[in-house]
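Asks: Handing over query06.tsv, TSV, C-alpha atoms.
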chain	number	residue	atom	x	y	z
A	1	MET	CA	187.94	86.55	148.88
A	2	ALA	CA	185.53	89.36	148.15
A	3	ILE	CA	181.93	88.66	147.33
A	4	ASN	CA	179.79	91.51	146.14
A	5	PRO	CA	176.31	90.96	147.57
A	6	MET	CA	174.79	93.48	145.14
A	7	GLU	CA	176.08	91.71	142.04
A	8	GLN	CA	172.96	89.51	141.94
A	9	PHE	CA	170.82	92.55	141.10
A	10	GLU	CA	172.82	93.53	138.02
A	11	VAL	CA	170.73	93.63	134.87
A	12	LYS	CA	172.89	92.33	132.03
A	13	PRO	CA	172.43	90.54	128.72
A	14	VAL	CA	172.15	86.77	129.07
A	15	SER	CA	175.41	84.95	128.28
A	16	TRP	CA	174.08	83.27	125.12
A	17	ALA	CA	172.75	86.48	123.52
A	18	GLN	CA	175.32	89.22	124.04
A	19	ALA	CA	174.45	91.20	120.92
A	20	PRO	CA	171.57	93.69	121.09
A	21	LEU	CA	168.28	92.39	119.70
A	22	PHE	CA	167.41	95.66	117.99
A	23	HIS	CA	167.77	99.39	118.42
A	24	ILE	CA	165.23	102.02	119.41
A	25	GLY	CA	166.78	105.23	118.15
A	26	HIS	CA	170.37	104.99	119.43
A	27	TYR	CA	169.53	102.77	122.38
A	28	PRO	CA	170.42	99.11	121.98
A	29	ILE	CA	167.81	96.71	123.37
A	30	TYR	CA	169.29	93.54	124.89
A	31	PHE	CA	167.72	90.28	125.94
A	32	THR	CA	168.60	90.57	129.64
A	33	ASN	CA	168.48	88.16	132.55
A	34	GLN	CA	165.51	90.19	133.76
A	35	ALA	CA	163.59	89.60	130.52
A	36	LEU	CA	164.48	85.91	130.66
A	37	TRP	CA	163.11	85.47	134.19
A	38	MET	CA	159.98	87.47	133.44
A	39	ILE	CA	159.31	85.11	130.55
A	40	VAL	CA	159.96	82.12	132.82
A	41	VAL	CA	157.53	83.53	135.39
A	42	VAL	CA	154.77	84.32	132.90
A	43	VAL	CA	155.06	81.01	131.06
A	44	SER	CA	155.12	78.87	134.19
A	45	LEU	CA	152.29	80.89	135.76
A	46	SER	CA	150.14	80.51	132.64
A	47	LEU	CA	150.92	76.79	132.35
A	48	PHE	CA	150.12	76.25	136.03
A	49	LEU	CA	146.76	78.02	135.84
A	50	ILE	CA	145.71	76.58	132.46
A	51	LEU	CA	146.78	72.98	133.08
A	52	SER	CA	145.44	72.85	136.63
A	53	VAL	CA	141.90	73.90	135.75
A	54	ASN	CA	141.42	72.70	132.16
A	55	LYS	CA	139.81	69.42	133.29
A	56	GLY	CA	137.60	71.29	135.77
A	57	ARG	CA	136.94	68.38	138.12
A	58	VAL	CA	134.27	68.65	140.82
A	59	VAL	CA	136.63	67.06	143.28
A	60	PRO	CA	139.75	69.08	142.55
A	61	THR	CA	143.18	67.59	142.13
A	62	ARG	CA	146.00	69.05	144.19
A	63	ALA	CA	147.00	71.51	141.46
A	64	GLN	CA	143.41	72.51	140.80
A	65	SER	CA	142.72	73.18	144.46
A	66	LEU	CA	145.85	75.38	144.57
A	67	ALA	CA	144.50	77.41	141.64
A	68	GLU	CA	141.04	77.58	143.26
A	69	LEU	CA	142.60	78.61	146.54
A	70	SER	CA	144.44	81.55	144.96
A	71	TYR	CA	141.26	82.55	143.10
A	72	GLU	CA	139.23	82.54	146.32
A	73	PHE	CA	141.99	84.29	148.22
A	74	VAL	CA	142.04	87.23	145.81
A	75	GLY	CA	138.23	87.18	145.62
A	76	GLY	CA	137.94	87.41	149.40
A	77	MET	CA	140.45	90.22	149.46
A	78	ILE	CA	138.50	92.29	146.94
A	79	ASP	CA	135.20	91.54	148.66
A	80	MET	CA	136.59	92.67	152.00
A	81	THR	CA	138.02	95.96	150.75
A	82	SER	CA	135.62	97.20	148.09
A	83	GLY	CA	132.56	94.94	148.08
A	84	PRO	CA	130.81	93.50	145.01
A	85	ALA	CA	131.50	96.62	142.91
A	86	GLY	CA	135.22	95.92	143.12
A	87	PHE	CA	134.96	92.69	141.14
A	88	ARG	CA	135.42	94.50	137.85
A	89	PHE	CA	139.06	94.78	138.95
A	90	PHE	CA	139.39	91.09	139.71
A	91	PRO	CA	141.45	90.31	136.57
A	92	LEU	CA	143.87	93.16	137.30
A	93	ILE	CA	144.36	92.34	140.98
A	94	PHE	CA	144.61	88.60	140.34
A	95	THR	CA	147.23	89.12	137.61
A	96	ILE	CA	149.30	91.45	139.74
A	97	PHE	CA	149.09	89.22	142.81
A	98	MET	CA	150.07	86.05	140.96
A	99	PHE	CA	152.82	87.78	138.99
A	100	ILE	CA	154.45	89.22	142.11
A	101	LEU	CA	154.01	85.97	144.02
A	102	PHE	CA	155.70	83.97	141.25
A	103	CYS	CA	158.47	86.54	140.73
A	104	ASN	CA	159.23	86.51	144.46
A	105	GLY	CA	159.03	82.74	144.57
A	106	PHE	CA	161.25	82.15	141.55
A	107	GLY	CA	163.69	84.72	142.92
A	108	LEU	CA	164.38	82.37	145.83
A	109	LEU	CA	165.81	79.70	143.53
A	110	PRO	CA	169.61	79.77	143.88
A	111	ILE	CA	170.34	80.53	140.22
A	112	ALA	CA	167.41	82.87	139.65
A	113	PHE	CA	167.22	86.60	139.11
A	114	THR	CA	164.64	88.36	141.30
A	115	VAL	CA	162.52	90.42	138.93
A	116	THR	CA	160.74	92.28	141.73
A	117	SER	CA	164.06	93.55	143.12
A	118	GLN	CA	164.13	96.10	140.28
A	119	ILE	CA	162.43	99.42	140.99
A	120	ALA	CA	161.57	99.73	137.29
A	121	ILE	CA	159.32	96.66	137.51
A	122	THR	CA	157.65	97.50	140.82
A	123	PHE	CA	157.12	101.11	139.80
A	124	PHE	CA	155.55	100.05	136.52
A	125	LEU	CA	153.14	97.72	138.35
A	126	THR	CA	152.28	100.56	140.71
A	127	ALA	CA	151.75	102.96	137.82
A	128	VAL	CA	149.24	100.55	136.27
A	129	VAL	CA	147.27	100.40	139.54
A	130	ILE	CA	147.34	104.14	140.27
A	131	LEU	CA	146.48	105.15	136.70
A	132	THR	CA	143.59	102.66	136.72
A	133	ALA	CA	142.39	104.20	139.98
A	134	ILE	CA	142.63	107.75	138.61
A	135	VAL	CA	140.86	106.91	135.35
A	136	THR	CA	138.13	104.98	137.21
A	137	GLY	CA	137.66	107.86	139.62
A	138	PHE	CA	137.23	110.44	136.87
A	139	VAL	CA	134.96	108.20	134.77
A	140	ARG	CA	132.70	107.37	137.71
A	141	HIS	CA	132.58	110.70	139.51
A	142	GLY	CA	133.72	113.23	136.90
A	143	PHE	CA	135.45	116.14	138.59
A	144	GLY	CA	133.73	115.05	141.80
A	145	PHE	CA	136.69	112.68	142.11
A	146	LEU	CA	138.72	115.67	143.27
A	147	LYS	CA	136.58	115.63	146.44
A	148	LEU	CA	139.01	112.91	147.49
A	149	PHE	CA	141.39	115.71	148.49
A	150	VAL	CA	138.80	117.72	150.42
A	151	ILE	CA	138.07	117.20	154.09
A	152	LYS	CA	135.11	118.88	155.79
A	153	ALA	CA	136.72	121.48	158.02
A	154	PRO	CA	136.90	125.27	158.45
A	155	LEU	CA	138.48	126.95	155.40
A	156	LEU	CA	141.69	127.85	157.24
A	157	ILE	CA	142.36	124.21	158.08
A	158	MET	CA	140.95	122.84	154.85
A	159	LEU	CA	143.31	124.64	152.46
A	160	PRO	CA	146.57	123.25	153.86
A	161	MET	CA	144.85	119.87	154.29
A	162	VAL	CA	144.03	119.80	150.57
A	163	LEU	CA	147.74	120.31	149.87
A	164	LEU	CA	148.69	117.58	152.34
A	165	GLU	CA	146.16	115.18	150.87
A	166	PHE	CA	147.47	115.93	147.40
A	167	ILE	CA	151.06	115.21	148.40
A	168	SER	CA	149.97	112.09	150.24
A	169	PHE	CA	148.17	110.92	147.10
A	170	CYS	CA	151.27	111.58	145.00
A	171	ALA	CA	153.39	109.67	147.51
A	172	ARG	CA	151.36	106.49	147.07
A	173	PRO	CA	153.01	105.20	143.91
A	174	LEU	CA	156.42	105.74	145.50
A	175	SER	CA	155.59	104.03	148.80
A	176	LEU	CA	153.83	101.13	147.10
A	177	SER	CA	156.70	100.41	144.69
A	178	MET	CA	159.46	101.12	147.23
A	179	ARG	CA	158.01	98.67	149.72
A	180	LEU	CA	158.12	95.67	147.40
A	181	PHE	CA	161.46	96.68	145.88
A	182	ALA	CA	163.15	97.37	149.23
A	183	ASN	CA	161.88	94.17	150.81
A	184	MET	CA	163.19	91.96	148.02
A	185	LEU	CA	166.48	93.87	147.78
A	186	ALA	CA	167.12	93.75	151.53
A	187	GLY	CA	166.20	90.09	151.89
A	188	HIS	CA	168.34	88.84	149.04
A	189	THR	CA	171.30	91.04	150.02
A	190	MET	CA	171.12	89.66	153.54
A	191	LEU	CA	171.19	86.08	152.24
A	192	LYS	CA	174.22	86.82	150.07
A	193	VAL	CA	176.09	88.56	152.90
A	194	MET	CA	175.48	85.60	155.21
A	195	ALA	CA	176.61	83.19	152.48
A	196	GLY	CA	179.75	85.32	152.09
A	197	PHE	CA	180.46	84.90	155.83
A	198	VAL	CA	180.25	81.14	155.50
A	199	ILE	CA	182.85	81.09	152.73
A	200	THR	CA	185.23	83.59	154.36
A	201	LEU	CA	185.08	81.87	157.74
A	202	GLY	CA	185.19	78.42	156.24
A	203	SER	CA	188.36	79.13	154.28
A	204	ALA	CA	190.05	80.95	157.20
A	205	GLY	CA	191.16	77.67	158.74
A	206	GLY	CA	191.49	76.57	162.38
A	207	ALA	CA	188.75	77.40	164.85
A	208	TYR	CA	187.18	79.83	162.37
A	209	THR	CA	186.09	76.92	160.19
A	210	LEU	CA	183.88	75.68	163.01
A	211	LEU	CA	182.41	79.17	163.44
A	212	ALA	CA	181.21	79.05	159.83
A	213	ALA	CA	178.34	76.84	160.98
A	214	ALA	CA	176.66	79.82	162.71
A	215	PRO	CA	175.89	81.90	159.58
A	216	GLU	CA	175.02	78.66	157.81
A	217	VAL	CA	172.26	77.98	160.33
A	218	LEU	CA	171.16	81.62	160.06
A	219	ILE	CA	170.81	81.25	156.28
A	220	VAL	CA	168.35	78.40	156.76
A	221	GLY	CA	166.23	80.57	159.05
A	222	LEU	CA	166.50	83.58	156.76
A	223	THR	CA	165.45	81.53	153.75
A	224	ALA	CA	162.31	80.46	155.60
A	225	LEU	CA	161.68	84.10	156.47
A	226	GLU	CA	162.19	85.07	152.83
A	227	PHE	CA	159.48	82.61	151.77
A	228	LEU	CA	157.11	84.33	154.19
A	229	VAL	CA	158.16	87.76	152.92
A	230	ALA	CA	157.69	86.64	149.30
A	231	PHE	CA	154.06	85.77	149.99
A	232	LEU	CA	153.41	88.65	152.37
A	233	GLN	CA	154.68	91.32	150.00
A	234	ALA	CA	152.54	90.00	147.16
A	235	TYR	CA	149.57	90.08	149.55
A	236	VAL	CA	150.35	93.60	150.80
A	237	PHE	CA	150.79	94.93	147.27
A	238	ALA	CA	147.50	93.38	146.16
A	239	ILE	CA	145.49	94.54	149.16
A	240	LEU	CA	146.80	98.11	148.92
A	241	SER	CA	145.91	98.12	145.21
A	242	CYS	CA	142.42	97.00	146.23
A	243	ILE	CA	142.17	99.80	148.77
A	244	TYR	CA	143.30	102.47	146.31
A	245	LEU	CA	140.92	101.21	143.63
A	246	SER	CA	138.05	101.00	146.12
A	247	GLU	CA	138.71	104.60	147.14
A	248	ALA	CA	138.36	105.62	143.48
A	249	LEU	CA	135.08	103.67	143.29
A	250	HIS	CA	133.44	104.84	146.50
A	251	LEU	CA	135.33	108.10	147.34
A	252	HIS	CA	135.00	108.71	151.09
A	253	ASP	CA	131.99	106.45	151.63
A	254	ASN	CA	133.91	103.78	153.47
A	255	HIS	CA	135.68	106.10	155.86
B	1	MET	CA	106.51	92.45	125.04
B	2	SER	CA	106.01	89.81	127.69
B	3	GLU	CA	102.97	89.85	129.96
B	4	HIS	CA	104.95	90.62	133.07
B	5	ALA	CA	107.47	93.32	132.37
B	6	PRO	CA	110.06	93.04	135.15
B	7	GLU	CA	109.49	95.65	137.83
B	8	PRO	CA	112.55	97.70	138.75
B	9	ASP	CA	112.05	96.61	142.37
B	10	ASP	CA	112.09	92.96	141.33
B	11	LEU	CA	115.31	93.49	139.43
B	12	ARG	CA	116.86	95.23	142.39
B	13	ALA	CA	115.81	92.41	144.69
B	14	LEU	CA	117.30	89.93	142.24
B	15	GLY	CA	120.50	91.96	142.13
B	16	ASP	CA	120.66	91.95	145.93
B	17	ARG	CA	120.16	88.20	146.00
B	18	ILE	CA	122.92	87.68	143.44
B	19	ASP	CA	125.21	89.94	145.46
B	20	ALA	CA	124.38	88.00	148.63
B	21	LEU	CA	125.18	84.70	146.90
B	22	LYS	CA	128.39	86.10	145.44
B	23	ARG	CA	129.37	87.32	148.88
B	24	HIS	CA	128.87	83.81	150.18
B	25	GLU	CA	131.11	82.44	147.46
B	26	PHE	CA	134.13	84.26	148.85
B	27	PRO	CA	134.71	83.76	152.54
B	28	PRO	CA	136.84	86.60	153.91
B	29	PRO	CA	140.50	85.56	154.19
B	30	LYS	CA	141.26	84.37	157.69
B	31	LYS	CA	144.30	85.00	159.86
B	32	ASN	CA	145.41	88.09	157.97
B	33	ALA	CA	146.42	90.02	161.06
B	34	PRO	CA	149.44	92.10	160.00
B	35	THR	CA	152.81	91.02	161.42
B	36	SER	CA	154.94	93.55	163.26
B	37	GLY	CA	157.57	93.55	160.51
B	38	GLU	CA	154.90	94.37	157.95
B	39	VAL	CA	153.63	97.24	160.10
B	40	ALA	CA	157.14	98.64	160.59
B	41	ILE	CA	157.97	98.64	156.87
B	42	ARG	CA	154.52	100.00	156.00
B	43	PHE	CA	154.89	103.00	158.33
B	44	ALA	CA	158.48	103.68	157.28
B	45	THR	CA	157.74	103.74	153.57
B	46	GLU	CA	154.55	105.80	154.01
B	47	LEU	CA	156.39	108.45	156.00
B	48	VAL	CA	159.57	108.61	153.93
B	49	SER	CA	157.93	108.54	150.51
B	50	ALA	CA	155.63	111.46	151.36
B	51	VAL	CA	158.63	113.57	152.44
B	52	ILE	CA	160.52	112.67	149.25
B	53	VAL	CA	157.55	113.45	147.02
B	54	GLY	CA	156.85	116.71	148.87
B	55	ALA	CA	160.45	117.85	148.50
B	56	ALA	CA	160.44	116.83	144.83
B	57	ILE	CA	157.29	118.86	144.15
B	58	GLY	CA	158.88	121.86	145.91
B	59	TRP	CA	162.08	121.42	143.90
B	60	GLY	CA	160.09	121.34	140.66
B	61	LEU	CA	158.04	124.41	141.57
B	62	ASP	CA	161.23	126.24	142.54
B	63	TRP	CA	162.67	125.40	139.16
B	64	VAL	CA	159.53	126.74	137.44
B	65	PHE	CA	159.24	129.96	139.46
B	66	LYS	CA	163.02	130.49	140.03
B	67	THR	CA	162.50	130.84	143.77
B	68	ARG	CA	164.99	128.26	145.04
B	69	PRO	CA	165.13	127.34	147.96
B	70	ILE	CA	161.89	128.70	149.46
B	71	LEU	CA	159.34	126.34	147.95
B	72	THR	CA	161.58	123.31	148.45
B	73	ILE	CA	161.64	124.06	152.18
B	74	VAL	CA	157.90	124.72	152.36
B	75	PHE	CA	156.97	121.58	150.46
B	76	PHE	CA	159.47	119.48	152.38
B	77	MET	CA	157.55	120.39	155.53
B	78	LEU	CA	154.21	119.83	153.83
B	79	GLY	CA	155.54	116.43	152.72
B	80	ALA	CA	156.41	115.60	156.32
B	81	GLY	CA	152.84	116.56	157.27
B	82	ALA	CA	151.46	114.39	154.49
B	83	GLY	CA	153.64	111.54	155.74
B	84	ILE	CA	152.05	111.84	159.17
B	85	VAL	CA	148.59	111.87	157.56
B	86	ASN	CA	149.56	108.70	155.67
B	87	VAL	CA	150.85	106.93	158.76
B	88	ASN	CA	147.68	107.90	160.62
B	89	ARG	CA	145.57	106.43	157.83
B	90	ALA	CA	147.71	103.28	157.59
B	91	SER	CA	147.47	102.73	161.34
B	92	ARG	CA	143.67	103.04	161.19
B	93	GLU	CA	143.60	100.49	158.39
B	94	ILE	CA	145.89	98.09	160.25
B	95	THR	CA	143.81	98.42	163.41
B	96	GLU	CA	140.71	97.53	161.42
B	97	ARG	CA	142.40	94.51	159.91
B	98	THR	CA	143.68	93.32	163.29
B	99	ALA	CA	140.19	93.69	164.76
B	100	ALA	CA	138.67	91.80	161.81
B	101	ALA	CA	141.20	88.99	162.18
B	102	ALA	CA	140.50	88.79	165.93
B	103	ARG	CA	136.76	88.64	165.24
B	104	ALA	CA	137.27	85.85	162.68
B	105	ALA	CA	139.38	83.89	165.15
B	106	GLU	CA	136.70	84.33	167.86
B	107	GLU	CA	133.97	83.07	165.54
B	108	GLU	CA	136.09	80.08	164.67
B	109	ASP	CA	136.45	79.30	168.37
B	110	LYS	CA	132.69	79.49	168.84
B	111	GLU	CA	132.07	77.06	166.02
B	112	ARG	CA	134.22	74.46	167.72
Translate the structure described by the file into structure tokens.

Replies:
Amino acid sequence: MAINPMEQFEVKPVSWAQAPLFHIGHYPIYFTNQALWMIVVVVSLSLFLILSVNKGRVVPTRAQSLAELSYEFVGGMIDMTSGPAGFRFFPLIFTIFMFILFCNGFGLLPIAFTVTSQIAITFFLTAVVILTAIVTGFVRHGFGFLKLFVIKAPLLIMLPMVLLEFISFCARPLSLSMRLFANMLAGHTMLKVMAGFVITLGSAGGAYTLLAAAPEVLIVGLTALEFLVAFLQAYVFAILSCIYLSEALHLHDNH
Amino acid sequence: MSEHAPEPDDLRALGDRIDALKRHEFPPPKKNAPTSGEVAIRFATELVSAVIVGAAIGWGLDWVFKTRPILTIVFFMLGAGAGIVNVNRASREITERTAAAARAAEEEDKER
């Protein structure tokens, strides 16, 4: 019995809407499993945040304290990296953090599609952050923003360093999006491979059937690890966004 | 016009006070010392992505100036250099975060 562990990442139209919704030029636009799960994430995230705080109790309920906790968590993160000036980005960072956290979390449901395991999604999120940083930098510092690439050094060292800094700046969107994408892809593939072992060993008969318990136990551990990774990657993505935005705000001040 | 036009210094002092209060509103997140897995993946992606981007820039410039493969090679190496710069920067950042987490833990111990 062959199980393809990569099949779970296939973007395909949902079973109850096989026909394309509409066309852009010659390209048919489908309602895919990815779109479905993004809608699920956004709707449940909005409902959670709106319903939990709409009463606004002084002594928070459990749901309200969860919402307050996430608010304070992101607030503390921005405060730590870029100080009070960074709070203009609070809505952006909070949205990105909660979206990634919920996508990762929903992805762990057995039937779910992991939205953040698609490079298109993670790269788009990264592009929003980096473009915001670039626009902020130019608005705040004018062409002085380009000083970001300049390091005080003798001219002979400075010139190649400017090139290196430029490449390193260009590499940021790639590393930021690859990290989230690769983490989710690797984790979910690993779970599927282990699950495949359980089925193959379990159906092999004899002593092999008993051996099937080993990957089964591993899956439990891996699932726990995946919950940690789901949170950690949302945190890492948000804090790196904070750092990049803070660099655009303060240039080299904080180095 | 009111009798006491607000002095710029007063406004600045008020701004500082508001900032101080705001700062108090958000305690820094505790226990955020990076795990070793996080550090490993961070370094790997920083290094690899810089090399890829460097090579891609070289490839593009080669295509523009019709000088394949010289610029690809040059920019591949520059990309590797940029990757090392990135890892250096990431390690500094992670060291700072570890130190901050250790300090927070120490303060917590003192409070007990």

Asks: Between CA of Thr72 in chain B and CA of Leu163 in chain A, what distance in Å does the model show, to one decimal?

Replies: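 Atom-to-atom, CA of Thr72 in chain B to CA of Leu163 in chain A, that is 14.2 Å.
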
Asks: One decimal, Å: what's the distance from CA of Ile93 in chain A over to CA of Met77 in chain A, could you say?

Replies: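 One can read the CA of Ile93 in chain A to CA of Met77 in chain A distance as 9.6 Å.
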
Asks: When you count all atoms listed in the file, which of these residues is closest to Leu45 in chain A: A:Val59, A:Ile78, A:Ala19, A:Leu101?

Replies: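 Smallest separation from Leu45 in chain A among the options: A:Leu101.
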
Asks: Looking at B:Ala13, B:Ile70, B:Ile57, B:Ala101, which one is nearest to chain A, with distances taken over all atoms listed in the file?

Replies: B:Ile57

Asks: With all atoms listed in the file as the counted atoms, please give the residues lying no more than 10 Å from Tyr30 in chain A, apart from itself and same-chain residues fewer than 4 positions off, as a list in words.

Replies: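 Contacts, in chain order: Lys12, Pro13, Val14, Ala17, Gln18, Ala19, Pro20, Leu21, Phe22, His23 and Ala35 of chain A.
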
Asks: Using all atoms listed in the file, which protein or nucleic acid residues come within 12 Å of range 145-153 of chain A? Drop anything in the same chain fewer than 4 positions from it, and give the result as a VMD selection string.

Replies: (chain A and resid 133 to 141 157 to 170 244 247 to 253 255) or (chain B and resid 82)

Asks: Measuring atom to atom with only C-alpha atoms, identify which of B:Gly79, B:Glu46, B:Ile18, B:Val39 is nearest to Gly58 in chain B.

Replies: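 Answer, going by the shortest atom-to-atom distance: B:Gly79.
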
Asks: Nearest residue to chain A out of B:Pro69, B:Gly60, B:Pro8, B:Gly54, using all atoms listed in the file?

Replies: B:Gly54

Asks: How would you write as a PyMOL selection string the residues that get within 9 Å of (156.0, 104.3, 146.8) in the file's frame, counting only C-alpha atoms?

Replies: (chain A and resi 123+126+170-180) or (chain B and resi 45-46+49-50)

Asks: May I ask for the distance between CA of Asn104 in chain A and CA of Leu191 in chain A, given in Å to one decimal place?

Replies: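 That distance, rounded to one decimal, is 14.3 Å.
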
Asks: Need to verify the contact set: Val193 in chain A, 6 Å, all atoms listed in the file, exclusion of same-chain residues closer than 3 positions in sequence. Can you return it as a list in words?

Replies: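 So the residues in contact are Pro5, Met190 and Gly196 of chain A.
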
Asks: Between A:Ala213, A:Ala186, A:Leu66, A:Val198, which has the minimum distance to chain B (counting all atoms listed in the file)?

Replies: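 Answer, going by the shortest atom-to-atom distance: A:Ala186.
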